[in-house]
$ cat target_11.txt   # compact mmCIF, C-alpha atoms
# COMPACT_ATOMS: atom_id res chain seq x y z
CA MET A 1 -133.90 125.32 50.87
CA LEU A 2 -134.21 125.19 47.10
CA SER A 3 -134.24 128.97 46.82
CA ASP A 4 -130.71 129.00 48.27
CA LEU A 5 -129.20 126.52 45.81
CA GLY A 6 -127.31 129.18 43.89
CA SER A 7 -126.01 128.83 40.35
CA VAL A 8 -123.88 126.10 38.83
CA PRO A 9 -121.55 126.31 35.83
CA SER A 10 -123.35 125.67 32.57
CA ASP A 11 -122.18 122.83 30.32
CA GLU A 12 -121.17 124.31 26.97
CA ILE A 13 -121.75 121.13 24.98
CA LEU A 14 -125.27 120.64 26.33
CA THR A 15 -126.07 124.31 25.70
CA LEU A 16 -124.81 124.10 22.12
CA MET A 17 -126.75 120.88 21.50
CA GLN A 18 -129.95 122.66 22.50
CA MET A 19 -129.09 125.64 20.28
CA HIS A 20 -128.44 123.26 17.37
CA ARG A 21 -131.81 121.56 17.87
CA GLU A 22 -133.58 124.93 17.80
CA ASP A 23 -131.73 126.20 14.70
CA PRO A 24 -134.14 125.98 11.72
CA ARG A 25 -131.39 125.85 9.06
CA ARG A 26 -131.49 122.57 7.16
CA ASP A 27 -127.74 122.49 6.45
CA LYS A 28 -126.61 123.02 10.07
CA ILE A 29 -123.81 120.78 11.34
CA ASP A 30 -123.56 119.45 14.90
CA GLN A 31 -119.91 119.33 15.99
CA THR A 32 -120.60 119.14 19.73
CA VAL A 33 -120.97 115.81 21.52
CA GLY A 34 -118.29 113.16 20.95
CA VAL A 35 -120.50 110.35 19.67
CA TYR A 36 -119.57 108.32 16.58
CA ARG A 37 -122.01 108.55 13.68
CA ASN A 38 -121.97 106.73 10.37
CA GLU A 39 -122.59 108.27 6.94
CA LEU A 40 -126.35 108.22 7.64
CA GLY A 41 -125.86 110.27 10.79
CA GLN A 42 -126.72 107.29 12.99
CA THR A 43 -124.90 105.89 16.02
CA PRO A 44 -125.34 102.20 15.21
CA VAL A 45 -125.43 99.31 17.65
CA MET A 46 -122.46 97.07 16.86
CA GLN A 47 -123.32 93.60 15.56
CA ALA A 48 -121.11 92.05 18.24
CA VAL A 49 -123.07 93.96 20.88
CA LYS A 50 -126.40 92.80 19.44
CA ALA A 51 -125.21 89.19 19.45
CA ALA A 52 -123.90 89.47 23.01
CA GLU A 53 -127.17 91.03 24.22
CA TYR A 54 -129.18 88.25 22.61
CA LYS A 55 -127.03 85.64 24.31
CA ILE A 56 -127.38 87.41 27.65
CA TRP A 57 -131.15 87.56 27.19
CA GLN A 58 -131.22 83.83 26.57
CA ASP A 59 -128.90 82.78 29.39
CA GLN A 60 -129.34 85.29 32.20
CA THR A 61 -131.41 84.00 35.11
CA SER A 62 -131.15 86.88 37.58
CA LYS A 63 -130.97 90.67 37.78
CA SER A 64 -129.66 90.62 41.34
CA TYR A 65 -126.81 92.93 42.38
CA THR A 66 -123.22 92.19 41.56
CA GLY A 67 -120.54 93.07 44.12
CA LEU A 68 -119.70 96.64 45.11
CA LEU A 69 -116.76 96.52 42.70
CA GLY A 70 -118.80 95.01 39.90
CA ASP A 71 -118.63 91.60 38.26
CA PRO A 72 -115.18 89.99 38.73
CA GLU A 73 -115.18 88.61 35.17
CA PHE A 74 -115.67 92.10 33.75
CA LEU A 75 -112.77 93.44 35.79
CA GLU A 76 -110.63 90.52 34.66
CA VAL A 77 -111.26 91.08 30.95
CA MET A 78 -110.77 94.83 31.28
CA GLN A 79 -107.40 94.39 32.97
CA ALA A 80 -106.33 92.00 30.22
CA LEU A 81 -107.57 94.31 27.44
CA VAL A 82 -105.85 97.41 28.83
CA LEU A 83 -102.73 96.08 30.54
CA GLY A 84 -102.03 92.92 28.54
CA PRO A 85 -100.62 89.58 29.67
CA GLU A 86 -97.63 91.11 31.49
CA ALA A 87 -99.75 93.38 33.68
CA PRO A 88 -98.30 94.75 36.91
CA PRO A 89 -100.20 94.01 40.16
CA CYS A 90 -103.61 95.62 39.86
CA THR A 91 -106.99 96.08 41.51
CA ALA A 92 -110.08 97.46 39.84
CA ALA A 93 -113.64 98.71 40.22
CA ALA A 94 -116.51 98.79 37.76
CA VAL A 95 -117.93 102.30 37.32
CA PRO A 96 -120.57 104.11 35.23
CA GLY A 97 -118.55 104.92 32.12
CA GLY A 98 -115.42 106.99 31.68
CA SER A 99 -116.81 109.93 33.65
CA GLY A 100 -117.49 107.63 36.59
CA ALA A 101 -113.96 106.25 36.33
CA CYS A 102 -112.41 109.75 36.39
CA ARG A 103 -114.62 110.87 39.26
CA GLN A 104 -113.76 107.83 41.39
CA ALA A 105 -110.08 108.30 40.58
CA PHE A 106 -110.27 111.89 41.85
CA GLU A 107 -112.09 110.69 44.96
CA LEU A 108 -109.35 108.12 45.54
CA ILE A 109 -106.67 110.80 45.20
CA ARG A 110 -108.54 113.05 47.64
CA GLN A 111 -108.90 110.18 50.11
CA ALA A 112 -105.18 109.34 49.91
CA THR A 113 -103.44 112.71 49.49
CA PRO A 114 -105.85 115.66 49.61
CA GLY A 115 -102.94 118.06 49.18
CA ALA A 116 -101.83 116.56 45.89
CA ARG A 117 -101.91 118.73 42.80
CA VAL A 118 -103.35 117.25 39.61
CA TYR A 119 -101.58 118.37 36.42
CA VAL A 120 -103.82 118.44 33.33
CA SER A 121 -102.98 119.25 29.74
CA ASP A 122 -103.86 122.62 28.23
CA PRO A 123 -106.35 122.01 26.69
CA THR A 124 -108.06 118.93 28.12
CA TRP A 125 -111.53 117.39 28.23
CA ALA A 126 -113.80 119.92 29.93
CA ASN A 127 -115.14 117.42 32.48
CA HIS A 128 -111.65 116.94 33.91
CA THR A 129 -111.52 120.54 35.08
CA THR A 130 -115.09 120.72 36.35
CA MET A 131 -114.74 117.46 38.32
CA LEU A 132 -111.47 118.63 39.84
CA ALA A 133 -113.08 121.88 40.89
CA HIS A 134 -116.03 120.02 42.38
CA THR A 135 -113.84 117.64 44.39
CA GLY A 136 -111.65 120.50 45.60
CA LEU A 137 -108.37 119.09 44.31
CA ALA A 138 -105.74 121.59 43.26
CA ARG A 139 -105.23 121.81 39.50
CA GLU A 140 -102.14 122.79 37.54
CA THR A 141 -101.71 122.79 33.77
CA TYR A 142 -98.95 121.76 31.42
CA ARG A 143 -98.47 122.87 27.84
CA PHE A 144 -99.62 120.36 25.24
CA ARG A 145 -100.75 121.62 21.83
CA ASP A 146 -98.30 123.82 19.95
CA PRO A 147 -100.42 126.52 18.25
CA ALA A 148 -97.71 127.14 15.66
CA THR A 149 -97.64 123.57 14.35
CA GLY A 150 -100.88 122.01 15.59
CA GLY A 151 -98.75 119.20 17.05
CA LEU A 152 -97.37 118.38 20.48
CA ASN A 153 -95.26 120.86 22.43
CA PHE A 154 -93.35 118.08 24.17
CA ASP A 155 -90.52 120.29 25.43
CA GLY A 156 -93.00 122.69 27.01
CA MET A 157 -94.89 119.77 28.51
CA MET A 158 -91.77 118.35 30.13
CA GLN A 159 -90.71 121.77 31.42
CA ASP A 160 -94.07 122.37 33.05
CA LEU A 161 -94.14 118.92 34.64
CA GLY A 162 -90.72 119.69 36.09
CA THR A 163 -92.51 121.84 38.68
CA ALA A 164 -94.51 118.86 40.01
CA ARG A 165 -93.60 117.54 43.46
CA ALA A 166 -93.40 113.94 44.61
CA GLY A 167 -96.94 112.67 45.16
CA ASP A 168 -98.50 115.02 42.61
CA VAL A 169 -100.64 113.42 39.90
CA VAL A 170 -100.16 113.81 36.14
CA LEU A 171 -103.38 113.28 34.18
CA LEU A 172 -102.66 112.00 30.66
CA HIS A 173 -104.79 110.83 27.75
CA GLY A 174 -103.81 107.27 26.86
CA CYS A 175 -104.34 107.90 23.13
CA CYS A 176 -106.43 110.11 20.82
CA HIS A 177 -106.27 113.18 23.06
CA ASN A 178 -109.55 115.02 23.59
CA PRO A 179 -109.82 117.69 22.20
CA THR A 180 -106.60 117.89 20.15
CA GLY A 181 -106.29 114.40 18.64
CA ILE A 182 -102.59 114.32 19.53
CA SER A 183 -101.05 111.01 20.62
CA LEU A 184 -97.59 110.66 22.15
CA THR A 185 -94.98 108.56 20.35
CA ARG A 186 -93.35 105.63 22.11
CA THR A 187 -90.15 107.64 22.49
CA GLN A 188 -92.11 110.41 24.19
CA TRP A 189 -93.93 107.96 26.46
CA ARG A 190 -90.58 106.50 27.55
CA ALA A 191 -89.08 109.91 28.30
CA LEU A 192 -92.19 111.01 30.17
CA ALA A 193 -92.39 107.80 32.23
CA ASP A 194 -88.70 108.05 33.18
CA ARG A 195 -89.13 111.68 34.31
CA MET A 196 -92.25 110.88 36.32
CA ALA A 197 -90.63 107.86 37.98
CA LYS A 198 -87.53 109.86 38.89
CA ASN A 199 -89.62 112.63 40.45
CA GLY A 200 -92.01 110.33 42.34
CA LEU A 201 -95.13 111.37 40.41
CA VAL A 202 -98.36 109.39 40.22
CA GLY A 203 -99.82 108.66 36.80
CA MET A 204 -103.50 108.97 35.95
CA ILE A 205 -104.56 107.96 32.45
CA ASP A 206 -107.91 108.66 30.85
CA LEU A 207 -108.32 105.89 28.27
CA ALA A 208 -111.58 106.77 26.55
CA TYR A 209 -110.68 105.93 22.92
CA LEU A 210 -108.81 102.64 23.03
CA GLY A 211 -108.80 101.24 19.48
CA PHE A 212 -109.69 104.52 17.76
CA GLY A 213 -106.08 105.53 17.02
CA ASP A 214 -103.83 102.84 15.53
CA GLY A 215 -105.36 99.67 16.97
CA LEU A 216 -106.04 98.07 20.34
CA GLU A 217 -102.50 96.95 21.10
CA GLU A 218 -100.86 100.04 19.65
CA ASP A 219 -103.16 102.43 21.54
CA ALA A 220 -102.58 100.61 24.84
CA TRP A 221 -98.78 100.78 24.61
CA GLY A 222 -98.29 104.10 26.40
CA THR A 223 -100.66 103.17 29.22
CA ARG A 224 -98.93 99.83 29.71
CA HIS A 225 -95.47 101.38 29.70
CA LEU A 226 -96.44 104.01 32.26
CA ALA A 227 -98.08 101.41 34.51
CA GLU A 228 -94.99 99.19 34.32
CA THR A 229 -92.62 102.10 35.03
CA LEU A 230 -94.33 104.02 37.84
CA ASP A 231 -94.83 102.96 41.43
CA GLU A 232 -98.53 103.80 41.21
CA CYS A 233 -100.93 104.47 38.36
CA LEU A 234 -104.68 105.09 38.03
CA ILE A 235 -106.33 104.19 34.72
CA ALA A 236 -109.87 105.37 33.88
CA VAL A 237 -111.28 103.20 31.10
CA SER A 238 -114.44 103.81 29.08
CA CYS A 239 -116.38 101.33 26.95
CA SER A 240 -118.62 104.04 25.47
CA LYS A 241 -116.74 104.62 22.23
CA ASN A 242 -115.00 101.36 21.32
CA PHE A 243 -118.05 99.21 22.16
CA GLY A 244 -120.63 101.89 21.30
CA LEU A 245 -122.17 101.50 24.77
CA TYR A 246 -122.76 105.18 25.41
CA ARG A 247 -126.03 104.96 27.32
CA GLU A 248 -125.12 101.72 29.11
CA ARG A 249 -122.38 103.50 31.12
CA ALA A 250 -119.78 100.73 31.23
CA GLY A 251 -116.29 101.50 32.46
CA ALA A 252 -113.58 100.54 34.93
CA LEU A 253 -111.03 102.20 37.18
CA LEU A 254 -107.79 100.20 37.29
CA VAL A 255 -105.16 100.88 39.97
CA THR A 256 -101.65 99.47 39.63
CA ALA A 257 -98.93 99.50 42.28
CA ARG A 258 -95.39 98.21 42.33
CA ASN A 259 -95.98 97.19 45.96
CA PRO A 260 -98.85 94.66 45.75
CA ALA A 261 -99.38 94.84 49.52
CA LEU A 262 -100.98 98.27 49.00
CA LEU A 263 -103.64 96.95 46.66
CA ALA A 264 -105.71 95.03 49.22
CA HIS A 265 -106.51 98.20 51.16
CA THR A 266 -106.97 100.14 47.92
CA ARG A 267 -109.58 97.58 46.91
CA GLU A 268 -111.44 98.19 50.18
CA VAL A 269 -111.37 101.94 49.61
CA LEU A 270 -112.64 101.56 46.03
CA ALA A 271 -115.54 99.46 47.32
CA TYR A 272 -116.28 102.13 49.93
CA LEU A 273 -116.23 104.91 47.34
CA ASN A 274 -118.56 102.97 45.07
CA ARG A 275 -120.92 102.38 48.01
CA GLN A 276 -121.06 106.08 48.80
CA ALA A 277 -121.57 107.16 45.19
CA TYR A 278 -124.03 104.64 43.72
CA SER A 279 -123.68 101.45 45.76
CA PHE A 280 -123.53 98.68 43.14
CA PRO A 281 -122.33 99.70 39.67
CA PRO A 282 -124.50 99.03 36.59
CA ASP A 283 -123.93 95.65 35.01
CA HIS A 284 -125.70 95.33 31.65
CA GLY A 285 -123.05 97.13 29.60
CA ALA A 286 -120.27 95.46 31.56
CA ARG A 287 -121.82 92.05 30.87
CA ILE A 288 -121.97 92.82 27.15
CA VAL A 289 -118.25 93.68 27.16
CA THR A 290 -117.44 90.52 29.11
CA SER A 291 -119.44 88.35 26.71
CA ILE A 292 -117.67 89.82 23.68
CA LEU A 293 -114.14 89.62 25.07
CA LYS A 294 -114.53 86.05 26.38
CA ASP A 295 -116.03 84.69 23.14
CA PRO A 296 -113.36 84.38 20.39
CA ALA A 297 -115.90 84.63 17.57
CA LEU A 298 -117.66 87.68 19.01
CA ARG A 299 -114.34 89.29 19.81
CA GLU A 300 -113.24 88.93 16.20
CA VAL A 301 -116.49 90.50 14.95
CA TRP A 302 -116.05 93.39 17.39
CA THR A 303 -112.41 93.90 16.42
CA GLN A 304 -113.32 94.10 12.75
CA GLU A 305 -116.16 96.55 13.43
CA LEU A 306 -113.81 98.74 15.46
CA HIS A 307 -111.28 98.53 12.63
CA GLY A 308 -113.94 99.79 10.22
CA ILE A 309 -114.81 102.76 12.45
CA ARG A 310 -111.13 103.64 12.81
CA ASN A 311 -110.59 103.49 9.05
CA SER A 312 -113.64 105.63 8.30
CA ILE A 313 -112.37 108.37 10.62
CA ALA A 314 -108.89 108.18 9.09
CA ALA A 315 -110.40 108.48 5.61
CA LEU A 316 -112.31 111.59 6.66
CA ARG A 317 -109.11 113.12 8.04
CA LEU A 318 -107.37 112.57 4.72
CA GLN A 319 -110.32 113.91 2.73
CA LEU A 320 -110.46 117.03 4.91
CA CYS A 321 -106.71 117.68 4.63
CA ASN A 322 -106.83 117.36 0.85
CA ALA A 323 -109.85 119.65 0.66
CA PHE A 324 -108.10 122.27 2.81
CA ALA A 325 -104.99 122.04 0.61
CA GLU A 326 -107.04 122.53 -2.54
CA LYS A 327 -109.01 125.43 -1.05
CA THR A 328 -106.07 127.31 0.51
CA GLY A 329 -103.21 126.31 -1.78
CA THR A 330 -101.19 125.40 1.32
CA ARG A 331 -100.58 122.34 3.50
CA ARG A 332 -101.06 124.25 6.76
CA PHE A 333 -103.85 121.93 7.88
CA ASP A 334 -101.84 118.75 7.32
CA TYR A 335 -101.28 118.34 11.06
CA ILE A 336 -104.87 117.05 11.17
CA ARG A 337 -103.75 113.96 9.23
CA GLU A 338 -101.22 113.09 11.92
CA HIS A 339 -103.77 113.23 14.72
CA LYS A 340 -105.66 110.18 15.98
CA GLY A 341 -109.21 109.43 16.99
CA MET A 342 -112.34 111.51 16.82
CA PHE A 343 -110.97 115.03 17.35
CA SER A 344 -108.54 117.74 16.28
CA CYS A 345 -108.25 121.37 17.32
CA LEU A 346 -108.33 124.07 14.64
CA GLY A 347 -106.75 126.73 16.86
CA ALA A 348 -109.57 129.19 16.16
CA THR A 349 -110.42 132.13 18.37
CA PRO A 350 -113.71 132.16 20.33
CA GLU A 351 -114.94 134.91 17.99
CA GLN A 352 -114.23 132.76 14.92
CA VAL A 353 -116.08 129.85 16.54
CA ARG A 354 -119.08 132.12 17.20
CA THR A 355 -119.00 133.29 13.58
CA LEU A 356 -118.98 129.70 12.36
CA ARG A 357 -122.14 129.13 14.36
CA ALA A 358 -123.95 132.37 13.49
CA LYS A 359 -123.03 132.59 9.79
CA HIS A 360 -122.62 128.96 8.76
CA GLY A 361 -124.68 126.93 11.25
CA ILE A 362 -121.65 124.95 12.41
CA TYR A 363 -121.94 124.24 16.13
CA MET A 364 -118.47 123.76 17.60
CA VAL A 365 -117.24 124.13 21.20
CA THR A 366 -115.17 127.21 22.02
CA ASP A 367 -111.83 125.39 21.97
CA SER A 368 -112.49 124.83 18.21
CA ARG A 369 -112.59 121.05 18.52
CA LEU A 370 -113.23 119.47 15.14
CA ASN A 371 -115.34 116.34 15.65
CA PHE A 372 -114.68 113.78 12.90
CA ALA A 373 -117.28 111.48 14.38
CA SER A 374 -119.90 114.00 13.23
CA LEU A 375 -118.42 114.62 9.78
CA SER A 376 -119.40 112.87 6.57
CA GLN A 377 -118.10 112.84 3.04
CA GLN A 378 -121.05 115.07 2.12
CA ASN A 379 -120.31 117.93 4.53
CA VAL A 380 -116.50 118.09 4.38
CA GLU A 381 -116.60 120.79 1.68
CA ARG A 382 -119.00 122.88 3.74
CA ILE A 383 -116.66 122.69 6.74
CA VAL A 384 -113.67 123.71 4.61
CA ASP A 385 -115.51 126.64 3.00
CA ALA A 386 -116.79 127.87 6.37
CA VAL A 387 -113.47 127.55 8.18
CA THR A 388 -111.59 129.47 5.50
CA ASP A 389 -114.36 132.04 5.23
CA VAL A 390 -114.01 133.05 8.90
CA GLY A 391 -110.25 133.33 8.57
CA ILE A 392 -109.02 130.32 10.50
$ encode --input "target_11.txt" --output "structure tokens"
Amino acid sequence: MLSDLGSVPSDEILTLMQMHREDPRRDKIDQTVGVYRNELGQTPVMQAVKAAEYKIWQDQTSKSYTGLLGDPEFLEVMQALVLGPEAPPCTAAAVPGGSGACRQAFELIRQATPGARVYVSDPTWANHTTMLAHTGLARETYRFRDPATGGLNFDGMMQDLGTARAGDVVLLHGCCHNPTGISLTRTQWRALADRMAKNGLVGMIDLAYLGFGDGLEEDAWGTRHLAETLDECLIAVSCSKNFGLYRERAGALLVTARNPALLAHTREVLAYLNRQAYSFPPDHGARIVTSILKDPALREVWTQELHGIRNSIAALRLQLCNAFAEKTGTRRFDYIREHKGMFSCLGATPEQVRTLRAKHGIYMVTDSRLNFASLSQQNVERIVDAVTDVGI
């Protein structure tokens, strides 16, 4: 049997991480995996998380299973965090992180309308495309990043989505787009939501970086507006970045519907899908999130820590833009300052990305995603010198 397994697509990020580990150069820079690191190169455990874990350790009396959909309190606090006090009717399932949320959303789409096409941005997070291929759902793309400006090609995006049929799904990034760093304005969210509602399209939002852009409420605005406007919306939420719970795999899939009668059966299907995939979802990370969000003091500590991470990334963006301006004598990289979250795209060719790796020891994925979470004040100048040296 095993000799007939055949090959599977390689994961570029994992391959590059291994290459980086084996590179003997002392000044090499890892720009691959999207994990936040501080100035010491560490991914710290948040103080709010430490306090919540200590409280859980003191109070928890059982490690028995939660329900198939996860702990109800976790789902309650996640709905409130993402959708706010005026949330439309919603059901939810706990899942293993943002990847688990996206995968279960695709499974739900396949269960409901296997002929639906899923429209994804060009570019998008690589796992979106590989999961869609694995589940067999049809994929279409819409224009997103304008290579001439480094910003959003909103007109092209709207034109491409004009080909979508009723029942098709539009996959959007709620904020801090991965890999481009582009976030839609409120005006653009309104126009997009109106077009999607008029054409009977289903919204799917990947919300992996809530709080990394402009703040928790500001970053949630587009997701909330889409959920309030559309008949149906799927929202894949990750707690990996904003709570620093990468290895704990905490996340949720929220499903909203204008017709609340549809949600009872949807809840049953979500429980079934969880049962088939991993039975009961993991709970430790979810319980940490619940403890923080339900405790006003811990929530305030967490909010301030998240604010500090957001500010440090914004400061690095500004430092990099100023360094590029000084090096090139132009402001052609200023679009990076307008982006949000951990990433921006440089618009480099695959050959330029390979040269960065071979000549300068800078390990970056082929789409030329610049990872601010792996930058520091000490290596900004090296990045600028290398990028200009290869002709980007």
$ atom_distance --input "target_11.txt" --atom1 "atom CA of Val118 of chain A" --atom2 "atom CA of Met204 of chain A"
9.1 Å
$ closest_atom_pairs --input "target_11.txt" --of "segment 172-253 of chain A" --to "segment 73-91 of chain A" --cutoff "8 Å" --atoms "only C-alpha atoms" --output "tab-separated table"
residue	atom	partner	partner_atom	distance
A:Ala220	CA	A:Val82	CA	6.1
A:Thr223	CA	A:Leu83	CA	7.5
A:Arg224	CA	A:Leu83	CA	5.4
A:Ala227	CA	A:Pro88	CA	7.1
A:Glu228	CA	A:Pro88	CA	6.1
A:Ala252	CA	A:Leu75	CA	7.2
$ axis_aligned_box --input "target_11.txt" --around "segment 10-26 of chain A" --padding-each-side "6 Å" --output "AutoDock Vina command-line options"
--center_x -127.7 --center_y 123.4 --center_z 19.9 --size_x 25.0 --size_y 17.6 --size_z 37.4
$ atom_distance --input "target_11.txt" --atom1 "atom CA of His360 of chain A" --atom2 "atom CA of Gln42 of chain A"
22.5 Å
$ closest_residue --input "target_11.txt" --among "A:Arg195, A:His225, A:His173, A:Arg249" --to "Ala208 of chain A" --atoms "only C-alpha atoms"
A:His173
$ atom_distance --input "target_11.txt" --atom1 "atom CA of Lys241 of chain A" --atom2 "atom CA of Leu298 of chain A"
17.3 Å
$ residues_around --input "target_11.txt" --residues "Gly222 of chain A" --least-positions-apart "3" --cutoff "7 Å" --atoms "only C-alpha atoms" --output "PyMOL selection string"
chain A and resi 174+186+189+225-226
